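One structure below.
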Amino acid sequence: MRIPHISFNQKHLFFLCSGVTAVLLCFCLRSPDFDSFTMEIFRQELSGNTLSLHYTLADPASFDIAQEKISLGTLPATPDSESLAALQNLQIRLKAFSENGLTPKEQRTADLLSWWLTGQAALYDYYYLQEPLGPTLGIQAQLPILLAEYSFHSLQDVEDYLALLSQLDSYYGDILFFEEQKAAAGLGPSDASIERILESCQSYLIDPVNNFLTETFETRLNSLSTDISLSEQQKNNFRSRHLEVIKNSFLPAYRHLIDGLSGLKGRGINEGGLCGFRNGRRYYEYLLRSGPGLSYNIEELKAALSDRMQKDLETISSLSKKTGPDLSFRLTDPPAILADLQTQMSGDFPVLSEASKKYEIRYVPTQLESTLSPAFYLTAPLDDPTKNVIYINNGSTSADDELYPTLAHEGFPGHLYQTVYFREHTRNPLAALLTCSGANEGWATYVEQLSYFYDNGLSAETSAYQAAMRSFSLCFHSLLDIGINYDGWSKDRAAAFVRTCFDADDTLVEELWQTMIDNPANYPEYAGGYVEIMEMREEAEKKLGNRFSAKEFHKFLLDLGPVPFSVTRKYFKLWLRQV
């Protein structure tokens, strides 16, 4: 998933710094046209959160956005009825625009906005079922990386960064109070979930002087000094202030979070999946609609995943004796891999501008390797497509057998390519902001599968075998997720399913069980979105025959953008009739 944005390989996070709910839209819009209407929502969505604004726009003033207060945002302890009323008012106004006629592009944006507003409004029915914390996908794991990547273009950016860092303790205090309310409502996390979150928090009890935040702060200061004149005295002043904020705000924030979460142990009454909570099944259905944005209902999704697994199993069975277990990709150097991917994808994907192909490769700090994902992508600001960053976790990503498809997922033709392509081809910034995570992850998973079949050093049999194994694994994880969180599988039932698919010991079963509980509906973003795209491709290939063009199919998806699949399917039918 992307966040303003982080996209992780295998496990992705939503950016929650503005709070678990949507930004407060407590105003009456009186926009004269659809563009003005969507632009006003765009401005309001960003204006309440400094971090989100900074990651989304390099030059907010050019969008007439001015932020009076530097803030990480708030996490209200109770649902806000005024915000809900404002969302409902926006839905009414959007419906009026659609009824009065919109251009095709405007209607696609309207479809996306309608899906988003519906999801935000429906969330109020499940307010305390939300969970902002998590071992890998929680805000406590993600926020420090976003702070470490906070770019400095001016002295004010440095001041804003220090102000945000100083607010961490109070922000986590809001989250702890929210967790108290959840526990009081009988919806708090189990002790097992709390323990895993605590492990993540412990990794951020860093040395005040020698740590990744200080290292990146120094790098950003030096980069800034090449653009503006910074005296050594100014630098030393900033360094001193940064050290004080680490000591007096950052470290206390994580200590308080650890103490507060430890105090919640024993209050979580549900050790199983979401369905063990009141309204948990309905909330899981909501998560599938609002996150992955799938066109399937749950039974249809299970059937689609099972069908894909059966196809994969047939491939695996037919090739198991023709390929060995070892992978040996031709390239292992990240820049070389990304350059190779761009060359090999060129025949089947539209071309990007040279400026949009720029990126930096960075590595997860050693002390965080155990708590962050194998790789993730940080998107560039909407108005500066050159600032793309791909992080690689050397602690969990092997250059020999994983890096090539991983970089296809995160870079080309995956997240980076999809993101910058859509931003080059849409003029509506709101459409670029309100993307669907399932469409993002489904696309990245789909093209990751394609990369196995490039000229990458693998034999044709090994490529097909490994692609089928990857697909089978993702669908398996998704079905396990649904079984635990929606169908109410016991641990024994889940273990039996795991062992029908893989040779798993008790330790692996326990890890999978807890992973699904801690991250409900995460895997369906990947496998569900991938299966949606594969079904559409196979339908197009069957109907069009030798007229089918992979490049035109990809262009259709890319031009439409990462919208929910209920929207994609509608326009796919039109596209098929017009090809």
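Here's how to read the names in the structure tokens: chain A, B, ... by the order shown, residue numbers from 1 in each chain, ligand numbers from 1 in the order shown.
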Helix (DSSP H, G or I) call set, DSSP backbone run, segment 134-295 of chain A, as a PyMOL selection string: chain A and resi 139-148+155-166+168-184+191-202+212-227+232-262+274-276+280-290
Nearby residues (only C-alpha atoms) at most 10 Å from Gly280 of chain A, same-chain spacing under 6 positions excluded, as a VMD selection string: chain A and resid 126 129 187 273 to 274 286 485 to 486
Go ahead and dump the residues you just picked, all heavy atoms, as a PDB file, in the first residue's frame.
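Just written: again_29.pdb:
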ATOM      1  N   TYR A 126     -18.327   1.462  13.066  1.00  0.00           N
ATOM      2  CA  TYR A 126     -17.341   0.511  13.589  1.00  0.00           C
ATOM      3  C   TYR A 126     -16.170   1.235  14.250  1.00  0.00           C
ATOM      4  O   TYR A 126     -15.039   0.754  14.224  1.00  0.00           O
ATOM      5  CB  TYR A 126     -16.818  -0.369  12.452  1.00  0.00           C
ATOM      6  CG  TYR A 126     -17.889  -0.926  11.548  1.00  0.00           C
ATOM      7  CD1 TYR A 126     -18.085  -0.409  10.270  1.00  0.00           C
ATOM      8  CD2 TYR A 126     -18.714  -1.961  11.979  1.00  0.00           C
ATOM      9  CE1 TYR A 126     -19.072  -0.916   9.443  1.00  0.00           C
ATOM     10  CE2 TYR A 126     -19.702  -2.477  11.158  1.00  0.00           C
ATOM     11  CZ  TYR A 126     -19.877  -1.943   9.891  1.00  0.00           C
ATOM     12  OH  TYR A 126     -20.864  -2.441   9.077  1.00  0.00           O
ATOM     13  N   LEU A 129     -13.661  -0.554  16.466  1.00  0.00           N
ATOM     14  CA  LEU A 129     -13.042  -1.747  15.903  1.00  0.00           C
ATOM     15  C   LEU A 129     -11.776  -1.410  15.123  1.00  0.00           C
ATOM     16  O   LEU A 129     -10.997  -2.290  14.765  1.00  0.00           O
ATOM     17  CB  LEU A 129     -14.038  -2.487  15.000  1.00  0.00           C
ATOM     18  CG  LEU A 129     -15.093  -3.316  15.735  1.00  0.00           C
ATOM     19  CD1 LEU A 129     -16.218  -3.720  14.786  1.00  0.00           C
ATOM     20  CD2 LEU A 129     -14.471  -4.544  16.375  1.00  0.00           C
ATOM     21  N   LEU A 187     -13.422  -4.262  23.134  1.00  0.00           N
ATOM     22  CA  LEU A 187     -12.900  -4.405  21.779  1.00  0.00           C
ATOM     23  C   LEU A 187     -11.378  -4.254  21.722  1.00  0.00           C
ATOM     24  O   LEU A 187     -10.812  -4.040  20.654  1.00  0.00           O
ATOM     25  CB  LEU A 187     -13.558  -3.376  20.846  1.00  0.00           C
ATOM     26  CG  LEU A 187     -15.088  -3.441  20.760  1.00  0.00           C
ATOM     27  CD1 LEU A 187     -15.617  -2.253  19.954  1.00  0.00           C
ATOM     28  CD2 LEU A 187     -15.547  -4.748  20.138  1.00  0.00           C
ATOM     29  N   GLY A 273     -10.026 -14.052  15.657  1.00  0.00           N
ATOM     30  CA  GLY A 273     -10.112 -13.034  14.616  1.00  0.00           C
ATOM     31  C   GLY A 273     -11.190 -12.007  14.876  1.00  0.00           C
ATOM     32  O   GLY A 273     -11.874 -12.010  15.919  1.00  0.00           O
ATOM     33  N   LEU A 274     -11.366 -11.119  13.906  1.00  0.00           N
ATOM     34  CA  LEU A 274     -12.322 -10.011  14.043  1.00  0.00           C
ATOM     35  C   LEU A 274     -13.730 -10.491  14.366  1.00  0.00           C
ATOM     36  O   LEU A 274     -14.461  -9.828  15.111  1.00  0.00           O
ATOM     37  CB  LEU A 274     -12.369  -9.216  12.732  1.00  0.00           C
ATOM     38  CG  LEU A 274     -11.485  -7.979  12.595  1.00  0.00           C
ATOM     39  CD1 LEU A 274     -11.763  -7.306  11.266  1.00  0.00           C
ATOM     40  CD2 LEU A 274     -11.693  -7.012  13.749  1.00  0.00           C
ATOM     41  N   TYR A 286     -16.783  -4.613   5.727  1.00  0.00           N
ATOM     42  CA  TYR A 286     -16.492  -3.203   5.462  1.00  0.00           C
ATOM     43  C   TYR A 286     -15.035  -3.025   5.023  1.00  0.00           C
ATOM     44  O   TYR A 286     -14.738  -2.290   4.068  1.00  0.00           O
ATOM     45  CB  TYR A 286     -16.769  -2.363   6.713  1.00  0.00           C
ATOM     46  CG  TYR A 286     -16.123  -1.000   6.671  1.00  0.00           C
ATOM     47  CD1 TYR A 286     -16.715   0.038   5.961  1.00  0.00           C
ATOM     48  CD2 TYR A 286     -14.896  -0.767   7.293  1.00  0.00           C
ATOM     49  CE1 TYR A 286     -16.105   1.280   5.887  1.00  0.00           C
ATOM     50  CE2 TYR A 286     -14.284   0.464   7.226  1.00  0.00           C
ATOM     51  CZ  TYR A 286     -14.885   1.492   6.520  1.00  0.00           C
ATOM     52  OH  TYR A 286     -14.287   2.716   6.438  1.00  0.00           O
ATOM     53  N   ASN A 485     -10.741 -14.410  10.348  1.00  0.00           N
ATOM     54  CA  ASN A 485     -11.380 -13.147  10.713  1.00  0.00           C
ATOM     55  C   ASN A 485     -12.867 -13.066  10.376  1.00  0.00           C
ATOM     56  O   ASN A 485     -13.583 -12.279  10.992  1.00  0.00           O
ATOM     57  CB  ASN A 485     -10.650 -11.977  10.031  1.00  0.00           C
ATOM     58  CG  ASN A 485      -9.314 -11.705  10.659  1.00  0.00           C
ATOM     59  OD1 ASN A 485      -9.227 -11.357  11.829  1.00  0.00           O
ATOM     60  ND2 ASN A 485      -8.245 -11.874   9.887  1.00  0.00           N
ATOM     61  N   TYR A 486     -13.321 -13.874   9.433  1.00  0.00           N
ATOM     62  CA  TYR A 486     -14.732 -13.813   9.030  1.00  0.00           C
ATOM     63  C   TYR A 486     -15.494 -15.096   9.366  1.00  0.00           C
ATOM     64  O   TYR A 486     -16.593 -15.048   9.915  1.00  0.00           O
ATOM     65  CB  TYR A 486     -14.829 -13.534   7.533  1.00  0.00           C
ATOM     66  CG  TYR A 486     -16.252 -13.320   7.059  1.00  0.00           C
ATOM     67  CD1 TYR A 486     -16.905 -12.106   7.265  1.00  0.00           C
ATOM     68  CD2 TYR A 486     -16.948 -14.337   6.402  1.00  0.00           C
ATOM     69  CE1 TYR A 486     -18.217 -11.912   6.840  1.00  0.00           C
ATOM     70  CE2 TYR A 486     -18.258 -14.153   5.977  1.00  0.00           C
ATOM     71  CZ  TYR A 486     -18.883 -12.931   6.198  1.00  0.00           C
ATOM     72  OH  TYR A 486     -20.181 -12.746   5.781  1.00  0.00           O
TER      73      TYR A 486
END
Any chance you could tabulate, as a tab-separated table, the residues of segment 332-387 of chain A at most 10 Å from segment 138-157 of chain A with each one's nearest atom pair and distance in Å to one decimal, using only C-alpha atoms, in chain and rising number order?
residue	atom	partner	partner_atom	distance
A:Val364	CA	A:Ile145	CA	9.0
A:Pro365	CA	A:Ile145	CA	9.6
A:Leu368	CA	A:Ala141	CA	9.0
A:Thr371	CA	A:Ala141	CA	7.3
A:Leu372	CA	A:Ala141	CA	7.3
A:Leu378	CA	A:Leu146	CA	8.9
A:Lys387	CA	A:Ser151	CA	9.9
Separation of atom CA of Phe565 of chain A from atom CA of Tyr404 of chain A, in Å and rounded to one decimal: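 Taking atom CA of Phe565 of chain A as the start and atom CA of Tyr404 of chain A as the end point, the length is 27.7 Å.
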Pick from A:Val531, A:Leu508, A:Ala192, A:Ala444, whichever lies nearest to Tyr296 of chain A using only C-alpha atoms: A:Val531
Backbone DSSP call of strand (DSSP E or B) for segment 371-556 of chain A, listed as a ChimeraX atom specification: /A:375-378,389-392
Two-atom distance - atom CA of Ser170 of chain A, atom CA of Thr74 of chain A (Å):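 Taking atom CA of Ser170 of chain A as the start and atom CA of Thr74 of chain A as the end point, the length is 9.6 Å.
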Selection: 12 Å around Tyr454 of chain A, only C-alpha atoms, excl. self and same-chain fewer than 5 positions, as a list in words: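 The residues satisfying every condition are Phe329, Arg330, Leu331, Ile337, Asp340, Leu341, Gln342, Thr343, Gln344, Met345, Ser346, Gly347, Asp348, Tyr404, Pro405, Ala408, Val447, Glu448, Gln449, Ser459, Ala460, Thr462, Ser463, Ala464 and Ala467 of chain A.
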Could you dump the residues just selected with N, CA, C and O atoms as a CSV table (one decimal), in the first residue's frame?
chain,number,residue,atom,x,y,z
A,329,PHE,N,18.7,-15.5,-10.0
A,329,PHE,CA,18.4,-14.5,-11.0
A,329,PHE,C,19.7,-13.9,-11.5
A,329,PHE,O,20.7,-13.9,-10.8
A,330,ARG,N,19.6,-13.5,-12.8
A,330,ARG,CA,20.8,-13.0,-13.5
A,330,ARG,C,21.4,-11.7,-12.8
A,330,ARG,O,22.6,-11.5,-12.8
A,331,LEU,N,20.6,-10.9,-12.3
A,331,LEU,CA,21.0,-9.6,-11.7
A,331,LEU,C,20.7,-9.6,-10.2
A,331,LEU,O,19.6,-10.0,-9.8
A,337,ILE,N,18.9,-4.0,-11.6
A,337,ILE,CA,17.6,-4.7,-11.7
A,337,ILE,C,16.6,-3.7,-12.2
A,337,ILE,O,15.8,-4.1,-13.2
A,340,ASP,N,17.0,-3.0,-15.8
A,340,ASP,CA,16.7,-4.1,-16.7
A,340,ASP,C,15.1,-4.3,-16.8
A,340,ASP,O,14.6,-4.5,-17.8
A,341,LEU,N,14.4,-4.1,-15.6
A,341,LEU,CA,13.0,-4.1,-15.6
A,341,LEU,C,12.4,-3.1,-16.6
A,341,LEU,O,11.4,-3.4,-17.3
A,342,GLN,N,12.9,-1.9,-16.6
A,342,GLN,CA,12.4,-0.9,-17.5
A,342,GLN,C,12.6,-1.3,-19.0
A,342,GLN,O,11.7,-1.0,-19.8
A,343,THR,N,13.7,-1.9,-19.3
A,343,THR,CA,13.9,-2.3,-20.6
A,343,THR,C,13.0,-3.4,-21.0
A,343,THR,O,12.4,-3.4,-22.1
A,344,GLN,N,12.8,-4.4,-20.2
A,344,GLN,CA,12.0,-5.6,-20.5
A,344,GLN,C,10.5,-5.3,-20.5
A,344,GLN,O,9.8,-6.0,-21.2
A,345,MET,N,10.1,-4.3,-19.8
A,345,MET,CA,8.7,-4.0,-19.7
A,345,MET,C,8.2,-3.2,-20.9
A,345,MET,O,7.0,-3.0,-21.1
A,346,SER,N,9.2,-2.6,-21.6
A,346,SER,CA,8.9,-1.5,-22.6
A,346,SER,C,7.8,-1.9,-23.7
A,346,SER,O,7.0,-1.1,-24.1
A,347,GLY,N,7.8,-3.1,-24.1
A,347,GLY,CA,6.9,-3.5,-25.2
A,347,GLY,C,5.5,-3.7,-24.7
A,347,GLY,O,4.6,-3.6,-25.6
A,348,ASP,N,5.2,-3.9,-23.4
A,348,ASP,CA,3.9,-4.1,-23.0
A,348,ASP,C,3.3,-3.0,-22.1
A,348,ASP,O,2.2,-3.2,-21.6
A,404,TYR,N,14.7,-9.4,-7.4
A,404,TYR,CA,14.2,-9.1,-8.8
A,404,TYR,C,12.7,-8.9,-8.8
A,404,TYR,O,12.2,-7.9,-9.2
A,405,PRO,N,11.9,-9.9,-8.4
A,405,PRO,CA,10.5,-9.7,-8.3
A,405,PRO,C,10.0,-8.6,-7.3
A,405,PRO,O,9.0,-8.0,-7.5
A,408,ALA,N,10.3,-5.4,-9.0
A,408,ALA,CA,9.3,-5.3,-10.0
A,408,ALA,C,8.0,-4.8,-9.3
A,408,ALA,O,7.2,-4.0,-9.8
A,447,VAL,N,2.1,-7.4,-11.7
A,447,VAL,CA,3.3,-7.2,-12.5
A,447,VAL,C,4.5,-7.9,-11.9
A,447,VAL,O,5.4,-8.3,-12.6
A,448,GLU,N,4.5,-8.1,-10.6
A,448,GLU,CA,5.5,-8.9,-10.0
A,448,GLU,C,5.5,-10.3,-10.6
A,448,GLU,O,6.5,-10.9,-10.9
A,449,GLN,N,4.2,-10.8,-10.8
A,449,GLN,CA,4.1,-12.2,-11.4
A,449,GLN,C,4.7,-12.1,-12.8
A,449,GLN,O,5.3,-13.1,-13.3
A,459,SER,N,15.1,-20.4,-16.0
A,459,SER,CA,14.6,-21.2,-17.1
A,459,SER,C,13.1,-21.0,-17.2
A,459,SER,O,12.5,-20.5,-16.2
A,460,ALA,N,12.5,-21.3,-18.3
A,460,ALA,CA,11.1,-21.1,-18.5
A,460,ALA,C,10.3,-21.9,-17.5
A,460,ALA,O,9.3,-21.5,-17.0
A,462,THR,N,11.3,-23.0,-14.5
A,462,THR,CA,11.5,-22.4,-13.1
A,462,THR,C,10.7,-21.1,-13.0
A,462,THR,O,10.1,-20.9,-11.9
A,463,SER,N,10.6,-20.3,-14.0
A,463,SER,CA,9.8,-19.1,-14.0
A,463,SER,C,8.4,-19.4,-13.7
A,463,SER,O,7.7,-18.8,-12.9
A,464,ALA,N,7.8,-20.3,-14.5
A,464,ALA,CA,6.4,-20.7,-14.4
A,464,ALA,C,6.1,-21.3,-13.0
A,464,ALA,O,5.1,-21.0,-12.4
A,467,ALA,N,6.4,-18.5,-10.2
A,467,ALA,CA,5.2,-17.6,-10.3
A,467,ALA,C,4.0,-18.2,-9.8
A,467,ALA,O,3.2,-17.6,-9.0
Contacts of Leu251 of chain A within 10 Å, only C-alpha atoms, excl. fewer than 6 positions in-chain, as a list in words: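 With the cut-off at 10 Å, the set is Leu168, Asp169, Tyr204, Leu205, Ile206, Asp207, Pro208, Val245 and Leu257 of chain A.
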Could you please take those selected residues and save N, CA and C atoms as a PDB file, in the first residue's frame?
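Full text of result.pdb as output:
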ATOM      1  N   LEU A 168       5.195  14.015  19.309  1.00  0.00           N
ATOM      2  CA  LEU A 168       4.975  12.571  19.247  1.00  0.00           C
ATOM      3  C   LEU A 168       4.397  12.021  20.548  1.00  0.00           C
ATOM      4  N   ASP A 169       4.887  12.505  21.661  1.00  0.00           N
ATOM      5  CA  ASP A 169       4.406  11.987  22.938  1.00  0.00           C
ATOM      6  C   ASP A 169       2.918  12.266  23.130  1.00  0.00           C
ATOM      7  N   TYR A 204      12.353   1.029  18.809  1.00  0.00           N
ATOM      8  CA  TYR A 204      12.525   2.474  18.662  1.00  0.00           C
ATOM      9  C   TYR A 204      13.076   3.135  19.926  1.00  0.00           C
ATOM     10  N   LEU A 205      13.479   2.349  20.896  1.00  0.00           N
ATOM     11  CA  LEU A 205      14.190   2.900  22.058  1.00  0.00           C
ATOM     12  C   LEU A 205      15.661   3.027  21.679  1.00  0.00           C
ATOM     13  N   ILE A 206      15.922   3.969  20.832  1.00  0.00           N
ATOM     14  CA  ILE A 206      17.211   4.119  20.168  1.00  0.00           C
ATOM     15  C   ILE A 206      18.215   4.875  21.047  1.00  0.00           C
ATOM     16  N   ASP A 207      19.480   4.745  20.696  1.00  0.00           N
ATOM     17  CA  ASP A 207      20.502   5.574  21.321  1.00  0.00           C
ATOM     18  C   ASP A 207      20.253   7.028  20.927  1.00  0.00           C
ATOM     19  N   PRO A 208      20.203   7.958  21.874  1.00  0.00           N
ATOM     20  CA  PRO A 208      19.850   9.347  21.544  1.00  0.00           C
ATOM     21  C   PRO A 208      20.788  10.004  20.530  1.00  0.00           C
ATOM     22  N   VAL A 245      15.055  16.996  21.346  1.00  0.00           N
ATOM     23  CA  VAL A 245      13.733  16.465  21.005  1.00  0.00           C
ATOM     24  C   VAL A 245      13.740  14.937  21.046  1.00  0.00           C
ATOM     25  N   LEU A 257       4.182   4.754  25.462  1.00  0.00           N
ATOM     26  CA  LEU A 257       3.371   3.823  24.692  1.00  0.00           C
ATOM     27  C   LEU A 257       3.555   2.400  25.215  1.00  0.00           C
TER      28      LEU A 257
END
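For Leu164 of chain A, the residues within 10 Å (counting only C-alpha atoms, excluding itself and residues fewer than 6 positions away along the chain) are Thr50, Leu51, Ile70, Ser71, Leu72, Gly73, Leu147, Val158, Tyr171, Val245 and Ser249 of chain A.
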Residue contacts of Lys182 of chain A (12 Å, only C-alpha atoms) excluding same-chain residues fewer than 5 positions away, as a list in words: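 The residues satisfying every condition are Ala77, Thr78, Tyr126, Tyr127, Tyr128, Leu129, Gln130, Glu131, Pro132, Ile175, Leu176, Phe177, Leu187, Gly188, Pro189, Ser190, Leu264, Arg267, Gly268, Ile269, Phe277 and Arg278 of chain A.
Our summary of the geometry notes that atom CA of Val563 of chain A is positioned 9.8 Å from atom CA of Ala432 of chain A.
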Selection near Glu195 of chain A, 9 Å with only C-alpha atoms, sequence-local residues under 5 positions removed, as a PyMOL selection string: chain A and resi 135+190+200+261-262+265
Go ahead and save the residues from that selection, with N, CA and C atoms, as a PDB file, in the first residue's frame.
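New file again-v5.pdb:
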ATOM      1  N   PRO A 135       2.074  -4.693  14.788  1.00  0.00           N
ATOM      2  CA  PRO A 135       3.491  -5.048  14.814  1.00  0.00           C
ATOM      3  C   PRO A 135       4.299  -4.481  13.653  1.00  0.00           C
ATOM      4  N   SER A 190      -5.832  -8.493  22.122  1.00  0.00           N
ATOM      5  CA  SER A 190      -5.445  -9.559  23.038  1.00  0.00           C
ATOM      6  C   SER A 190      -4.028  -9.322  23.547  1.00  0.00           C
ATOM      7  N   SER A 200       7.675  -4.131  18.582  1.00  0.00           N
ATOM      8  CA  SER A 200       7.928  -3.067  17.617  1.00  0.00           C
ATOM      9  C   SER A 200       8.344  -1.784  18.330  1.00  0.00           C
ATOM     10  N   LEU A 261       0.438   0.413  26.901  1.00  0.00           N
ATOM     11  CA  LEU A 261      -0.032  -0.842  26.314  1.00  0.00           C
ATOM     12  C   LEU A 261       0.148  -2.004  27.289  1.00  0.00           C
ATOM     13  N   SER A 262       1.236  -1.982  28.035  1.00  0.00           N
ATOM     14  CA  SER A 262       1.442  -3.034  29.036  1.00  0.00           C
ATOM     15  C   SER A 262       0.319  -3.026  30.056  1.00  0.00           C
ATOM     16  N   LYS A 265      -2.886  -5.088  29.210  1.00  0.00           N
ATOM     17  CA  LYS A 265      -2.875  -6.552  29.181  1.00  0.00           C
ATOM     18  C   LYS A 265      -3.936  -7.105  30.136  1.00  0.00           C
TER      19      LYS A 265
END
Pick from A:Asn519, A:Gly48, A:Gln367, A:Glu232, whichever lies nearest to Ser203 of chain A using only C-alpha atoms: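 Using only C-alpha atoms, the shortest distance to Ser203 of chain A belongs to A:Gln367.
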Pick from A:Ala494, A:Phe349, A:Thr366, A:Ser373, whichever lies nearest to Phe556 of chain A using only C-alpha atoms: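 Of all the options, A:Phe349 lies closest to Phe556 of chain A.
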Proximity to Phe497 of chain A - best of A:Gly483, A:Gly545, A:Gly561, A:Gly414, only C-alpha atoms: A:Gly483
Selected residue of minimal separation from Glu285 of chain A among A:Ser318, A:Gln202, A:Asn297, A:Gln514, counting only C-alpha atoms: A:Asn297
Nearest-residue call for Glu410 of chain A, choices A:Thr568, A:Ile246, A:Trp489, A:Leu338, using only C-alpha atoms: A:Leu338
